[in-house]
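Novice: Input: one structure, supplied below.
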Amino acid sequence: MQNDLDSAASPDIGGLSRRFFVLAAPAVLTAACTTAGTGSYGVVNDGRITMPAMDTTGIDPRWLRQTVEYRGSEAVGTIVVRPSERHLYLVTGRGTAMRYGVGVGRQGALWHGRATIGRKGQWPNWTPTANMIRYDPRNARYAGGMPGGLGNPLGARALYLYRGNRDTMYRLHGTNVPSSIGTAVSSGCIRLFNHDIIDLHDRVRIGTPVVVIPG
């Protein structure tokens, strides 16, 4: 099974939202920053890997993890992604959410719908798809899989999106290109800063609902 459809140089993938997802009913979201999370991007000793601190001084504060005011129809514990905003929300309470900056799919690779987290991975292996190899033949050297680590395109964690018992091949994951957060560069998967995907991974469980809202 291939592990992801996302890399810094992967091709556009269109039409998969219609194949894999039921159209999500748009939620009404309003958010105003209340608590910045800029103090939580330090060195992380994570088993065999030490993740260096992230320099946040040159990063737009809107992409940093923070608690925000939130109004929406989704239940507490739901992950809500708004690609147009480049934000992911984890609903944490009535009127509050943890908000994360994300990188999203390029035009033509955007997807939307409902899924659940069917699997969680720490420093996951990455295997390029056949399309990725055709798009960039250099990816062929990883046809057998790239072990997890700081140079891996999936980053520190991956949350695998399922519908029922079927892997959709879409992920919420970290990135080895932090400058891609706040942009539309992926092949459809949602990427977060490595520090943020670790935080999100630790907050959610298997079965957590995920809603990606169109537009």
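As shown in the structure tokens, the chain order sets the letters A, B, ...; within each chain, residues go from 1, and ligands are also counted from 1 in the order they appear.
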Please identify all polymer residues within 9 Å of A:Thr116, counting only C-alpha atoms, omitting same-chain residues fewer than 5 positions from it, and present them as a ChimeraX atom specification.
Specialist: /A:160-164,206-211
Novice: Only N, CA, C and O atoms, please: the residues just picked out, written as a CSV table (one decimal), in the first residue's frame.
Specialist:
```
chain,number,residue,atom,x,y,z
A,160,TYR,N,-4.1,9.2,8.9
A,160,TYR,CA,-4.5,8.6,7.7
A,160,TYR,C,-6.1,8.7,7.7
A,160,TYR,O,-6.7,8.2,8.6
A,161,LEU,N,-6.6,9.2,6.6
A,161,LEU,CA,-8.0,9.4,6.5
A,161,LEU,C,-8.7,8.3,5.8
A,161,LEU,O,-8.3,7.8,4.7
A,162,TYR,N,-9.7,7.8,6.4
A,162,TYR,CA,-10.5,6.6,5.9
A,162,TYR,C,-11.9,7.0,5.8
A,162,TYR,O,-12.5,7.8,6.5
A,163,ARG,N,-12.6,6.2,4.9
A,163,ARG,CA,-14.1,6.2,4.8
A,163,ARG,C,-14.4,4.7,5.0
A,163,ARG,O,-14.1,3.9,4.2
A,164,GLY,N,-15.1,4.5,6.1
A,164,GLY,CA,-15.3,3.1,6.5
A,164,GLY,C,-14.0,2.4,6.8
A,164,GLY,O,-13.1,2.9,7.5
A,206,ILE,N,-8.1,7.5,17.0
A,206,ILE,CA,-8.7,6.8,15.9
A,206,ILE,C,-10.2,7.0,16.0
A,206,ILE,O,-10.8,6.9,17.0
A,207,GLY,N,-10.8,7.2,14.8
A,207,GLY,CA,-12.2,7.5,14.7
A,207,GLY,C,-12.6,9.0,14.8
A,207,GLY,O,-13.8,9.3,14.6
A,208,THR,N,-11.6,9.8,15.0
A,208,THR,CA,-11.9,11.3,15.0
A,208,THR,C,-12.5,11.7,13.7
A,208,THR,O,-11.9,11.4,12.6
A,209,PRO,N,-13.6,12.4,13.6
A,209,PRO,CA,-14.2,12.9,12.4
A,209,PRO,C,-13.4,14.0,11.8
A,209,PRO,O,-12.9,14.9,12.5
A,210,VAL,N,-13.2,14.0,10.5
A,210,VAL,CA,-12.5,15.1,9.8
A,210,VAL,C,-13.5,15.6,8.7
A,210,VAL,O,-14.0,14.9,7.9
A,211,VAL,N,-13.6,16.9,8.6
A,211,VAL,CA,-14.4,17.6,7.6
A,211,VAL,C,-13.5,18.6,6.9
A,211,VAL,O,-12.9,19.5,7.5
```
Novice: Could you list, as a PyMOL selection string, every residue within 10 Å of A:Leu200, counting only C-alpha atoms and ignoring same-chain residues fewer than 5 positions away?
Specialist: chain A and resi 65+79+89-90+98-100+157-159+172-173+192+194-195+205
Novice: Given only C-alpha atoms as the basis, pick out the residue of A:Val204, A:Ala143, A:Val68, A:Val104 nearest to A:Gly188.
Specialist: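 Closest residue, counting only C-alpha atoms: A:Val104.
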Novice: Between atom CA of A:Gly95 and atom CA of A:Pro178, what is the spacing in Å?
Specialist: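 Computing it gives 29.2 Å between the two atoms.
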Novice: Have a look at atom CA of A:Thr175 and atom CA of A:Tyr70 and let me know their distance in Å, one decimal.
Specialist: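 So the answer is 26.3 Å.
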Novice: With DSSP run on the backbone, what are the strand (DSSP E or B) residues within stretch 33-191 of chain A? I'd like them as an MDAnalysis selection string.
Specialist: chainID A and resid 33:36 44:46 49:51 66:69 79:82 87:93 96:101 103:105 113:122 126 146 157:163 166:173 184:186 190:191
Novice: Might you pull out every residue within 8 Å of A:Val43, with only C-alpha atoms counted and same-chain residues fewer than 2 positions away left off, and present them as a ChimeraX atom specification?
Specialist: /A:41,45,50-54
Novice: When you count only C-alpha atoms, which of these residues is closest to A:Leu154: A:Arg138, A:Arg166, A:Pro124, A:Ile133?
Specialist: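 Checking each of A:Arg138, A:Arg166, A:Pro124, A:Ile133 against A:Leu154, counting only C-alpha atoms, the winner is A:Pro124.
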Novice: Interatomic distance between atom CA of A:Ser40 and atom CA of A:Gly101?
Specialist: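 Here the two named atoms are 14.3 Å from each other.
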Novice: Given the choices A:Trp126, A:Trp111, A:Trp63, A:Phe193, which gets closest to A:Met146 if the distance is worked out from only C-alpha atoms?
Specialist: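 Of the candidates, the smallest distance to A:Met146 is held by A:Trp126.
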Novice: Taking into account only C-alpha atoms, which residue in the set A:Val80, A:Met132, A:Ala156, A:Ile59 is nearest to A:Asp202?
Specialist: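 Selected residue with least distance to A:Asp202: A:Ala156.
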Novice: Write down as a list in words the residues belonging to stretch 43-136 of chain A that are assigned helix (DSSP H, G or I) by DSSP computed on the backbone.
Specialist: Pro61, Arg62, Trp63, Ala130, Asn131, Met132, Ile133, Arg134 and Tyr135 of chain A
Novice: What does the file look like for those residues with all heavy atoms, as a PDB file, in the first residue's frame?
Specialist:
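Below is the file out-v6.pdb, written as the result:
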```pdb
ATOM      1  N   PRO A  61       2.290  35.227  12.137  1.00  0.00           N
ATOM      2  CA  PRO A  61       1.646  34.640  13.321  1.00  0.00           C
ATOM      3  C   PRO A  61       0.349  33.903  13.035  1.00  0.00           C
ATOM      4  O   PRO A  61      -0.036  33.017  13.797  1.00  0.00           O
ATOM      5  CB  PRO A  61       1.392  35.867  14.222  1.00  0.00           C
ATOM      6  CG  PRO A  61       2.417  36.870  13.797  1.00  0.00           C
ATOM      7  CD  PRO A  61       2.588  36.657  12.313  1.00  0.00           C
ATOM      8  N   ARG A  62      -0.314  34.209  11.930  1.00  0.00           N
ATOM      9  CA  ARG A  62      -1.584  33.532  11.664  1.00  0.00           C
ATOM     10  C   ARG A  62      -1.387  32.059  11.339  1.00  0.00           C
ATOM     11  O   ARG A  62      -2.337  31.277  11.372  1.00  0.00           O
ATOM     12  CB  ARG A  62      -2.345  34.219  10.531  1.00  0.00           C
ATOM     13  CG  ARG A  62      -1.647  34.205   9.197  1.00  0.00           C
ATOM     14  CD  ARG A  62      -2.449  34.943   8.148  1.00  0.00           C
ATOM     15  NE  ARG A  62      -1.637  35.236   6.977  1.00  0.00           N
ATOM     16  CZ  ARG A  62      -2.143  35.477   5.776  1.00  0.00           C
ATOM     17  NH1 ARG A  62      -3.451  35.426   5.593  1.00  0.00           N
ATOM     18  NH2 ARG A  62      -1.352  35.762   4.769  1.00  0.00           N
ATOM     19  N   TRP A  63      -0.150  31.641  10.998  1.00  0.00           N
ATOM     20  CA  TRP A  63       0.093  30.232  10.699  1.00  0.00           C
ATOM     21  C   TRP A  63       0.530  29.444  11.926  1.00  0.00           C
ATOM     22  O   TRP A  63       0.661  28.226  11.852  1.00  0.00           O
ATOM     23  CB  TRP A  63       1.147  30.087   9.594  1.00  0.00           C
ATOM     24  CG  TRP A  63       0.876  30.859   8.352  1.00  0.00           C
ATOM     25  CD1 TRP A  63       1.758  31.620   7.658  1.00  0.00           C
ATOM     26  CD2 TRP A  63      -0.357  30.950   7.630  1.00  0.00           C
ATOM     27  NE1 TRP A  63       1.162  32.179   6.563  1.00  0.00           N
ATOM     28  CE2 TRP A  63      -0.142  31.791   6.507  1.00  0.00           C
ATOM     29  CE3 TRP A  63      -1.636  30.410   7.823  1.00  0.00           C
ATOM     30  CZ2 TRP A  63      -1.151  32.100   5.596  1.00  0.00           C
ATOM     31  CZ3 TRP A  63      -2.639  30.726   6.904  1.00  0.00           C
ATOM     32  CH2 TRP A  63      -2.402  31.540   5.818  1.00  0.00           C
ATOM     33  N   ALA A 130       3.083   5.916  -8.358  1.00  0.00           N
ATOM     34  CA  ALA A 130       3.559   5.829  -9.741  1.00  0.00           C
ATOM     35  C   ALA A 130       3.510   7.193 -10.418  1.00  0.00           C
ATOM     36  O   ALA A 130       4.411   7.553 -11.198  1.00  0.00           O
ATOM     37  CB  ALA A 130       2.727   4.807 -10.508  1.00  0.00           C
ATOM     38  N   ASN A 131       2.476   7.985 -10.126  1.00  0.00           N
ATOM     39  CA  ASN A 131       2.376   9.320 -10.710  1.00  0.00           C
ATOM     40  C   ASN A 131       3.515  10.212 -10.249  1.00  0.00           C
ATOM     41  O   ASN A 131       4.043  11.022 -11.020  1.00  0.00           O
ATOM     42  CB  ASN A 131       1.034   9.961 -10.355  1.00  0.00           C
ATOM     43  CG  ASN A 131      -0.102   9.433 -11.197  1.00  0.00           C
ATOM     44  OD1 ASN A 131       0.125   8.921 -12.296  1.00  0.00           O
ATOM     45  ND2 ASN A 131      -1.319   9.548 -10.698  1.00  0.00           N
ATOM     46  N   MET A 132       3.890  10.090  -8.974  1.00  0.00           N
ATOM     47  CA  MET A 132       4.994  10.892  -8.447  1.00  0.00           C
ATOM     48  C   MET A 132       6.296  10.551  -9.158  1.00  0.00           C
ATOM     49  O   MET A 132       7.103  11.435  -9.468  1.00  0.00           O
ATOM     50  CB  MET A 132       5.156  10.637  -6.951  1.00  0.00           C
ATOM     51  CG  MET A 132       4.092  11.237  -6.085  1.00  0.00           C
ATOM     52  SD  MET A 132       4.414  10.811  -4.362  1.00  0.00           S
ATOM     53  CE  MET A 132       2.974  11.527  -3.598  1.00  0.00           C
ATOM     54  N   ILE A 133       6.495   9.261  -9.415  1.00  0.00           N
ATOM     55  CA  ILE A 133       7.719   8.840 -10.081  1.00  0.00           C
ATOM     56  C   ILE A 133       7.741   9.311 -11.525  1.00  0.00           C
ATOM     57  O   ILE A 133       8.775   9.756 -12.044  1.00  0.00           O
ATOM     58  CB  ILE A 133       7.880   7.311  -9.978  1.00  0.00           C
ATOM     59  CG1 ILE A 133       8.094   6.918  -8.502  1.00  0.00           C
ATOM     60  CG2 ILE A 133       9.033   6.826 -10.837  1.00  0.00           C
ATOM     61  CD1 ILE A 133       8.074   5.430  -8.258  1.00  0.00           C
ATOM     62  N   ARG A 134       6.592   9.258 -12.205  1.00  0.00           N
ATOM     63  CA  ARG A 134       6.526   9.770 -13.573  1.00  0.00           C
ATOM     64  C   ARG A 134       6.778  11.267 -13.607  1.00  0.00           C
ATOM     65  O   ARG A 134       7.453  11.784 -14.512  1.00  0.00           O
ATOM     66  CB  ARG A 134       5.158   9.442 -14.195  1.00  0.00           C
ATOM     67  CG  ARG A 134       5.009   7.996 -14.640  1.00  0.00           C
ATOM     68  CD  ARG A 134       3.773   7.825 -15.525  1.00  0.00           C
ATOM     69  NE  ARG A 134       2.543   8.072 -14.792  1.00  0.00           N
ATOM     70  CZ  ARG A 134       1.857   7.132 -14.147  1.00  0.00           C
ATOM     71  NH1 ARG A 134       2.308   5.883 -14.131  1.00  0.00           N
ATOM     72  NH2 ARG A 134       0.746   7.429 -13.515  1.00  0.00           N
ATOM     73  N   TYR A 135       6.243  11.979 -12.626  1.00  0.00           N
ATOM     74  CA  TYR A 135       6.396  13.425 -12.564  1.00  0.00           C
ATOM     75  C   TYR A 135       7.833  13.818 -12.264  1.00  0.00           C
ATOM     76  O   TYR A 135       8.364  14.770 -12.826  1.00  0.00           O
ATOM     77  CB  TYR A 135       5.458  13.975 -11.486  1.00  0.00           C
ATOM     78  CG  TYR A 135       5.425  15.480 -11.386  1.00  0.00           C
ATOM     79  CD1 TYR A 135       4.668  16.244 -12.266  1.00  0.00           C
ATOM     80  CD2 TYR A 135       6.150  16.140 -10.391  1.00  0.00           C
ATOM     81  CE1 TYR A 135       4.625  17.627 -12.159  1.00  0.00           C
ATOM     82  CE2 TYR A 135       6.125  17.519 -10.281  1.00  0.00           C
ATOM     83  CZ  TYR A 135       5.357  18.253 -11.167  1.00  0.00           C
ATOM     84  OH  TYR A 135       5.336  19.626 -11.059  1.00  0.00           O
TER      85      TYR A 135
END
```
Novice: Counting only C-alpha atoms, which of A:Ile49, A:Val44, A:Leu64, A:Ile117 gets nearest to A:Gly148?
Specialist: A:Ile49
Novice: Which is closer to A:Gly118 than all the others in A:Val91, A:Ile198, A:Ala140, A:Met169, using only C-alpha atoms?
Specialist: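 Ranked by minimum distance to A:Gly118, first place goes to A:Met169.
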Novice: Identify, on the basis of only C-alpha atoms, every residue whose closest approach to A:Ala75 does not exceed 9 Å; exclude the query and any residue fewer than 4 positions from it along the same chain; express the result as a ChimeraX atom specification.
Specialist: /A:91-94
Novice: Would you mind exporting C-alpha atoms of the selected residues as a PDB file, in the first residue's frame?
Specialist:
```
ATOM      1  CA  VAL A  91     -12.934  21.933  18.007  1.00  0.00           C
ATOM      2  CA  THR A  92     -11.976  21.901  21.687  1.00  0.00           C
ATOM      3  CA  GLY A  93     -15.078  23.245  23.387  1.00  0.00           C
ATOM      4  CA  ARG A  94     -18.178  25.311  23.011  1.00  0.00           C
TER       5      ARG A  94
END
```
